[in-house]
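Structure data follow from target09.txt (compact mmCIF, C-alpha atoms and all ligand atoms):
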```
# COMPACT_ATOMS: atom_id res chain seq x y z
CA MET I 1 -3.07 -15.07 13.66
CA PRO I 2 -2.85 -16.52 10.10
CA VAL I 3 0.71 -17.54 9.16
CA LEU I 4 2.08 -15.86 6.05
CA LYS I 5 3.57 -18.52 3.80
CA ILE I 6 6.14 -17.70 1.13
CA ASP I 7 3.58 -18.76 -1.50
CA ASN I 8 1.57 -15.70 -0.49
CA LEU I 9 4.44 -13.52 -1.50
CA PHE I 10 4.41 -14.87 -5.07
CA ALA I 11 0.60 -14.85 -5.14
CA ARG I 12 0.46 -11.13 -4.36
CA ARG I 13 -0.61 -9.38 -7.54
CA SER I 14 -2.16 -6.02 -8.19
CA ILE I 15 -5.92 -6.58 -8.09
CA ARG I 16 -7.94 -3.80 -9.71
CA ARG I 17 -11.41 -5.35 -9.98
CA PHE I 18 -13.56 -6.07 -6.95
CA THR I 19 -16.91 -7.65 -6.08
CA ASP I 20 -19.56 -5.78 -4.05
CA GLN I 21 -18.90 -7.93 -0.98
CA PRO I 22 -17.82 -5.77 1.96
CA VAL I 23 -14.58 -6.43 3.83
CA ASP I 24 -15.08 -7.53 7.47
CA ALA I 25 -13.99 -5.11 10.18
CA GLU I 26 -11.76 -7.88 11.60
CA GLN I 27 -10.03 -8.22 8.25
CA ILE I 28 -9.43 -4.48 8.05
CA ASP I 29 -7.96 -4.61 11.57
CA MET I 30 -5.67 -7.44 10.49
CA LEU I 31 -4.44 -5.38 7.52
CA LEU I 32 -3.64 -2.51 9.88
CA LYS I 33 -1.85 -4.84 12.29
CA ALA I 34 0.19 -6.18 9.38
CA ALA I 35 1.03 -2.62 8.31
CA MET I 36 2.24 -1.72 11.78
CA ALA I 37 4.35 -4.88 11.99
CA ALA I 38 6.64 -3.43 9.32
CA PRO I 39 10.26 -2.53 10.03
CA SER I 40 11.04 1.19 10.34
CA ALA I 41 14.27 3.12 10.76
CA ASN I 42 15.09 3.44 14.46
CA ASN I 43 11.70 1.80 14.99
CA SER I 44 10.22 5.27 14.50
CA LYS I 45 6.91 4.02 13.07
CA PRO I 46 6.25 7.40 11.40
CA TRP I 47 2.92 6.30 9.97
CA HIS I 48 -0.82 6.91 10.10
CA PHE I 49 -3.53 5.06 8.17
CA VAL I 50 -6.83 6.54 7.00
CA VAL I 51 -9.44 3.83 6.40
CA VAL I 52 -12.12 4.96 3.95
CA THR I 53 -15.30 2.98 3.33
CA ASP I 54 -17.65 5.88 2.53
CA GLY I 55 -18.58 5.69 -1.16
CA ALA I 56 -18.61 9.44 -1.83
CA ILE I 57 -15.14 9.86 -0.31
CA ARG I 58 -13.80 6.89 -2.29
CA ASP I 59 -15.27 8.41 -5.47
CA ALA I 60 -13.48 11.68 -4.70
CA LEU I 61 -10.18 9.83 -4.16
CA ALA I 62 -10.67 7.92 -7.41
CA GLU I 63 -11.21 11.19 -9.27
CA ALA I 64 -8.21 12.87 -7.68
CA HIS I 65 -5.74 10.19 -8.82
CA PRO I 66 -5.30 9.40 -12.52
CA TYR I 67 -4.58 5.68 -11.95
CA ALA I 68 -6.76 4.83 -8.94
CA ARG I 69 -10.21 4.65 -10.50
CA MET I 70 -10.74 1.29 -8.75
CA ALA I 71 -11.05 3.10 -5.41
CA SER I 72 -14.67 3.73 -6.47
CA GLU I 73 -15.31 0.01 -6.85
CA SER I 74 -13.37 -1.39 -3.89
CA PRO I 75 -15.35 -1.40 -0.62
CA VAL I 76 -12.35 -0.04 1.30
CA CYS I 77 -9.48 2.26 0.51
CA ILE I 78 -6.60 2.44 2.99
CA VAL I 79 -4.42 5.55 2.79
CA PRO I 80 -1.02 5.13 4.48
CA CYS I 81 0.42 8.52 5.46
CA GLY I 82 3.87 9.54 6.69
CA GLU I 83 4.78 12.05 9.37
CA SER I 84 8.52 12.68 8.97
CA GLY I 85 8.51 14.64 12.24
CA LEU I 86 8.04 11.31 14.02
CA SER I 87 11.23 9.87 12.48
CA ARG I 88 14.01 9.45 15.01
CA GLY I 89 17.65 9.96 14.11
CA SER I 90 19.30 12.18 11.52
CA GLN I 91 17.66 10.65 8.43
CA SER I 92 14.03 11.74 8.55
CA GLU I 93 13.66 10.88 4.84
CA PHE I 94 13.71 7.22 5.87
CA TRP I 95 9.97 7.71 6.45
CA ILE I 96 9.51 6.89 2.76
CA GLN I 97 11.05 3.46 3.15
CA ASP I 98 9.14 2.90 6.38
CA LEU I 99 5.86 3.67 4.60
CA SER I 100 6.85 1.44 1.68
CA ALA I 101 7.41 -1.48 4.03
CA ALA I 102 4.05 -0.88 5.73
CA THR I 103 2.30 -0.61 2.36
CA GLU I 104 3.80 -3.88 1.12
CA ASN I 105 2.77 -5.57 4.37
CA ILE I 106 -0.84 -4.54 3.73
CA LEU I 107 -0.68 -6.03 0.22
CA LEU I 108 0.82 -9.30 1.49
CA ALA I 109 -1.68 -9.54 4.34
CA ALA I 110 -4.56 -8.90 1.92
CA THR I 111 -3.35 -11.80 -0.22
CA GLY I 112 -3.09 -14.01 2.86
CA LEU I 113 -6.69 -13.19 3.77
CA GLY I 114 -7.98 -13.96 0.25
CA LEU I 115 -8.51 -10.28 -0.48
CA GLY I 116 -7.18 -8.22 -3.39
CA ALA I 117 -5.44 -4.86 -3.27
CA VAL I 118 -3.31 -2.53 -5.35
CA TRP I 119 -0.68 0.07 -4.41
CA CYS I 120 -1.54 3.38 -6.09
CA GLY I 121 1.36 5.76 -5.62
CA VAL I 122 0.71 9.25 -4.25
CA HIS I 123 4.01 10.54 -2.83
CA PRO I 124 6.16 12.12 -4.38
CA SER I 125 3.47 13.64 -6.63
CA GLU I 126 2.65 16.95 -4.94
CA GLU I 127 -0.46 17.31 -7.03
CA ARG I 128 -1.87 13.94 -5.93
CA ALA I 129 -0.82 14.51 -2.32
CA ALA I 130 -2.53 17.93 -2.23
CA ALA I 131 -5.77 16.48 -3.59
CA VAL I 132 -5.80 13.54 -1.17
CA ARG I 133 -4.90 15.83 1.74
CA ARG I 134 -7.80 18.14 0.89
CA ILE I 135 -10.35 15.31 0.50
CA LEU I 136 -9.38 13.59 3.76
CA GLY I 137 -8.53 16.66 5.86
CA ILE I 138 -4.98 15.47 6.45
CA PRO I 139 -2.80 18.05 8.26
CA GLU I 140 0.07 19.75 6.37
CA ARG I 141 2.78 18.00 8.40
CA VAL I 142 1.51 14.61 7.21
CA VAL I 143 2.07 13.30 3.68
CA PRO I 144 -0.44 10.94 2.04
CA PHE I 145 1.82 8.19 0.72
CA ALA I 146 -0.44 5.90 -1.32
CA LEU I 147 -4.01 4.80 -1.94
CA ILE I 148 -4.67 1.09 -1.43
CA PRO I 149 -8.07 0.00 -2.75
CA VAL I 150 -8.92 -3.31 -1.02
CA GLY I 151 -11.76 -5.76 -1.57
CA HIS I 152 -12.75 -9.24 -2.64
CA PRO I 153 -11.12 -9.95 -6.01
CA ALA I 154 -13.23 -10.03 -9.18
CA GLU I 155 -10.22 -11.03 -11.27
CA GLU I 156 -7.67 -13.82 -10.99
CA LYS I 157 -3.97 -13.43 -11.60
CA GLU I 158 -1.30 -16.10 -11.64
CA PRO I 159 1.30 -16.20 -8.86
CA ARG I 160 4.73 -15.39 -10.22
CA THR I 161 8.23 -14.17 -9.59
CA GLN I 162 9.93 -11.83 -12.00
CA TYR I 163 13.34 -13.23 -11.13
CA ASP I 164 16.09 -11.91 -13.40
CA GLY I 165 19.52 -13.43 -12.90
CA ASN I 166 21.13 -10.50 -14.77
CA ARG I 167 20.28 -8.25 -11.84
CA VAL I 168 22.06 -10.46 -9.32
CA HIS I 169 25.70 -9.65 -8.57
CA ARG I 170 27.44 -12.22 -6.43
CA GLU I 171 30.21 -11.20 -4.03
CA ARG I 172 31.03 -8.08 -6.14
CA TRP I 173 29.26 -6.15 -8.94
C1 LIG L 1 5.21 2.91 -6.06
C2 LIG L 1 4.13 2.20 -6.83
C3 LIG L 1 3.14 2.95 -7.43
C4 LIG L 1 2.11 2.30 -8.13
N1 LIG L 1 1.08 3.06 -8.62
C5 LIG L 1 0.04 2.43 -9.23
C6 LIG L 1 -1.10 3.20 -9.61
O1 LIG L 1 -1.17 4.41 -9.44
N2 LIG L 1 -2.14 2.53 -10.18
C7 LIG L 1 -2.10 1.18 -10.40
O2 LIG L 1 -3.09 0.64 -10.92
N3 LIG L 1 -1.03 0.42 -10.03
C8 LIG L 1 0.03 1.02 -9.43
N4 LIG L 1 1.09 0.27 -8.99
C9 LIG L 1 1.10 -1.19 -9.19
C10 LIG L 1 2.07 -1.62 -10.31
O3 LIG L 1 1.57 -1.23 -11.56
C11 LIG L 1 2.27 -3.15 -10.23
O4 LIG L 1 2.81 -3.49 -8.97
C12 LIG L 1 3.17 -3.70 -11.32
O5 LIG L 1 2.61 -3.52 -12.60
C13 LIG L 1 3.48 -5.21 -11.15
O6 LIG L 1 2.29 -5.97 -11.12
P1 LIG L 1 1.93 -6.86 -9.84
O7 LIG L 1 1.73 -5.93 -8.66
O8 LIG L 1 0.68 -7.59 -10.20
O9 LIG L 1 3.08 -7.78 -9.55
C14 LIG L 1 2.12 0.88 -8.28
C15 LIG L 1 3.14 0.15 -7.67
C16 LIG L 1 4.12 0.79 -6.93
C17 LIG L 1 5.18 -0.04 -6.23
```
I'd like the structure from this file rewritten - as structure tokens, please.
Amino acid sequence: MPVLKIDNLFARRSIRRFTDQPVDAEQIDMLLKAAMAAPSANNSKPWHFVVVTDGAIRDALAEAHPYARMASESPVCIVPCGESGLSRGSQSEFWIQDLSAATENILLAATGLGLGAVWCGVHPSEERAAAVRRILGIPERVVPFALIPVGHPAEEKEPRTQYDGNRVHRERW
């Protein structure tokens, strides 16, 4: 397995332009393995992932979301979904954090593989979730969490941190 270096973390940027080159099936599998390596509350793993390569379905997703037009251009769109009924313990709303961790893992893994990706938020917009659910046939108990267009980057962005010392509180606020 490729080792994720800390440089990858700073190199992760939102990539919104993609070449026509398809993404290998092995690379998609690696993104899904990375997603499911994420931490989750009580190790509940309350997630599902819909992998969309079909152009007509990607076009429909791109139309359903006001800021995810690049899903038409990217060869793959991964849709992480949460099923709060799978959450163990008293705090089923932790599914949102679990899905966030899985989503970030996909972005970091994409960077590590030389791919580009962008997190397009769906939950908590009920309008976006309803549209994505309808297009993909997702059951009512499952919430589409995000759209992640993935592909080979057609734009370059500089690695960076956005470190802000004013937001750091040492020992006490
Ligand atoms: C919860 C969430 C929702 C986002 N939704 C969108 C989106 O709908 N469309 C988009 O192009 N980018 C979206 N982004 C990406 C942000 O715009 C981006 O992360 C931010 O501008 C910082 O840029 P960077 O990712 O290159 O560091 C989203 C990011 C997060 C965490």
Inset, instruction - Can you work out which one of I:Gly55, I:Pro80, I:Pro75, I:Pro46 has the shortest atom-to-atom distance to Leu32 (chain I), counting all atoms listed in the file? - result: I:Pro80
Inset, instruction - May I ask which of the residues I:Ala117, I:Leu86, I:Leu136, I:Val50 is the closest one to ligand LIG 1 (chain L), counting only C-alpha atoms and all ligand atoms? - result: I:Ala117
Inset, instruction - Compare I:Gly116, I:Gly121, I:Gly85, I:Pro22 by their minimum atom-to-atom distance to Lys157 (chain I), counting all atoms listed in the file, and give me the closest one. - result: I:Gly116
Neighbour residues at most 10 Å from (4.4, -15.0, 0.3) (all atoms listed in the file) as a PDB file with C-alpha atoms, in the frame of the given file:
```
ATOM      1  CA  VAL I   3       0.710 -17.540   9.160  1.00  0.00           C
ATOM      2  CA  LEU I   4       2.080 -15.860   6.050  1.00  0.00           C
ATOM      3  CA  LYS I   5       3.570 -18.520   3.800  1.00  0.00           C
ATOM      4  CA  ILE I   6       6.140 -17.700   1.130  1.00  0.00           C
ATOM      5  CA  ASP I   7       3.580 -18.760  -1.500  1.00  0.00           C
ATOM      6  CA  ASN I   8       1.570 -15.700  -0.490  1.00  0.00           C
ATOM      7  CA  LEU I   9       4.440 -13.520  -1.500  1.00  0.00           C
ATOM      8  CA  PHE I  10       4.410 -14.870  -5.070  1.00  0.00           C
ATOM      9  CA  ALA I  11       0.600 -14.850  -5.140  1.00  0.00           C
ATOM     10  CA  ARG I  12       0.460 -11.130  -4.360  1.00  0.00           C
ATOM     11  CA  LEU I 108       0.820  -9.300   1.490  1.00  0.00           C
ATOM     12  CA  ALA I 109      -1.680  -9.540   4.340  1.00  0.00           C
ATOM     13  CA  THR I 111      -3.350 -11.800  -0.220  1.00  0.00           C
ATOM     14  CA  GLY I 112      -3.090 -14.010   2.860  1.00  0.00           C
ATOM     15  CA  PRO I 159       1.300 -16.200  -8.860  1.00  0.00           C
TER      16      PRO I 159
END
```
Residues of chain I that have any atom at most 9 Å from an atom of ligand LIG 1 (chain L): could you tabulate them with the shortest-distance atom pair and the distance in Å to one decimal, using all atoms listed in the file, ordered by chain and increasing number, as a tab-separated table?
```
residue	atom	partner	partner_atom	distance
I:Phe10	CA	L:LIG1	O9	8.5
I:Ala11	CA	L:LIG1	O9	8.7
I:Arg12	CA	L:LIG1	O9	6.7
I:Arg13	CA	L:LIG1	O8	3.5
I:Ser14	CA	L:LIG1	O8	3.8
I:Ile15	CA	L:LIG1	O8	7.0
I:Arg16	CA	L:LIG1	O2	6.7
I:His65	CA	L:LIG1	O1	7.4
I:Pro66	CA	L:LIG1	O1	7.2
I:Tyr67	CA	L:LIG1	N2	4.4
I:Ala68	CA	L:LIG1	N2	5.3
I:Arg69	CA	L:LIG1	O2	8.2
I:Met70	CA	L:LIG1	O2	8.0
I:Ser100	CA	L:LIG1	C1	8.0
I:Glu104	CA	L:LIG1	C17	8.4
I:Val118	CA	L:LIG1	N3	6.0
I:Trp119	CA	L:LIG1	C14	4.8
I:Cys120	CA	L:LIG1	O1	3.5
I:Gly121	CA	L:LIG1	C3	3.8
I:Val122	CA	L:LIG1	O1	7.3
I:His123	CA	L:LIG1	C1	8.4
I:Ala146	CA	L:LIG1	C3	7.7
I:Leu147	CA	L:LIG1	O1	8.0
I:Lys157	CA	L:LIG1	O8	7.6
I:Glu158	CA	L:LIG1	O8	8.9
I:Pro159	CA	L:LIG1	O9	8.6
I:Arg160	CA	L:LIG1	O9	7.8
I:Thr161	CA	L:LIG1	O9	8.2
I:Gln162	CA	L:LIG1	O9	8.3
```
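With distances restricted to all atoms listed in the file, I:Val142 is the closest residue to Ile96 (chain I) from I:Ala60, I:Ile148, I:Val142, I:Val76.
Distance check against Gly89 (chain I) using all atoms listed in the file: of I:Trp173, I:Asp24, I:Ser44, I:Ala34, the minimum falls on I:Ser44.
Between CA of Glu63 (chain I) and CA of Val79 (chain I) the interatomic distance comes to 14.9 Å.
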Legend entry - Between CA of Glu26 (chain I) and CA of Leu113 (chain I), distance in Å (one decimal): 10.7 Å
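Take the candidates I:Ala71, I:Leu99, I:Ala110, I:Ile138 and check each one against Ser84 (chain I) using only C-alpha atoms; the shortest distance goes to I:Leu99.
Interatomic distance, CA of Ser74 (chain I) against CA of Leu61 (chain I): 11.7 Å.
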Please determine an axis-aligned box that encloses all atoms of region 52-68 of chain I listed in the file, with 6 Å added on each side, and express its centre and edge lengths in Å to one decimal as AutoDock Vina command-line options.
```
--center_x -11.6 --center_y 7.9 --center_z -4.3 --size_x 26.0 --size_y 21.9 --size_z 28.5
```
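Contact shell of Ser125 (chain I) at 10 Å (only C-alpha atoms; same-chain neighbours under 5 positions omitted): Ala130, Pro144 and Phe145 of chain I.
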Inset, instruction - Find the residues around Glu73 (chain I) up to 8 Å (all atoms listed in the file counted), leave out those fewer than 6 positions away in its own chain, and share them as JSON, numbers by chain. - result: {"I": [17, 18, 19, 20]}
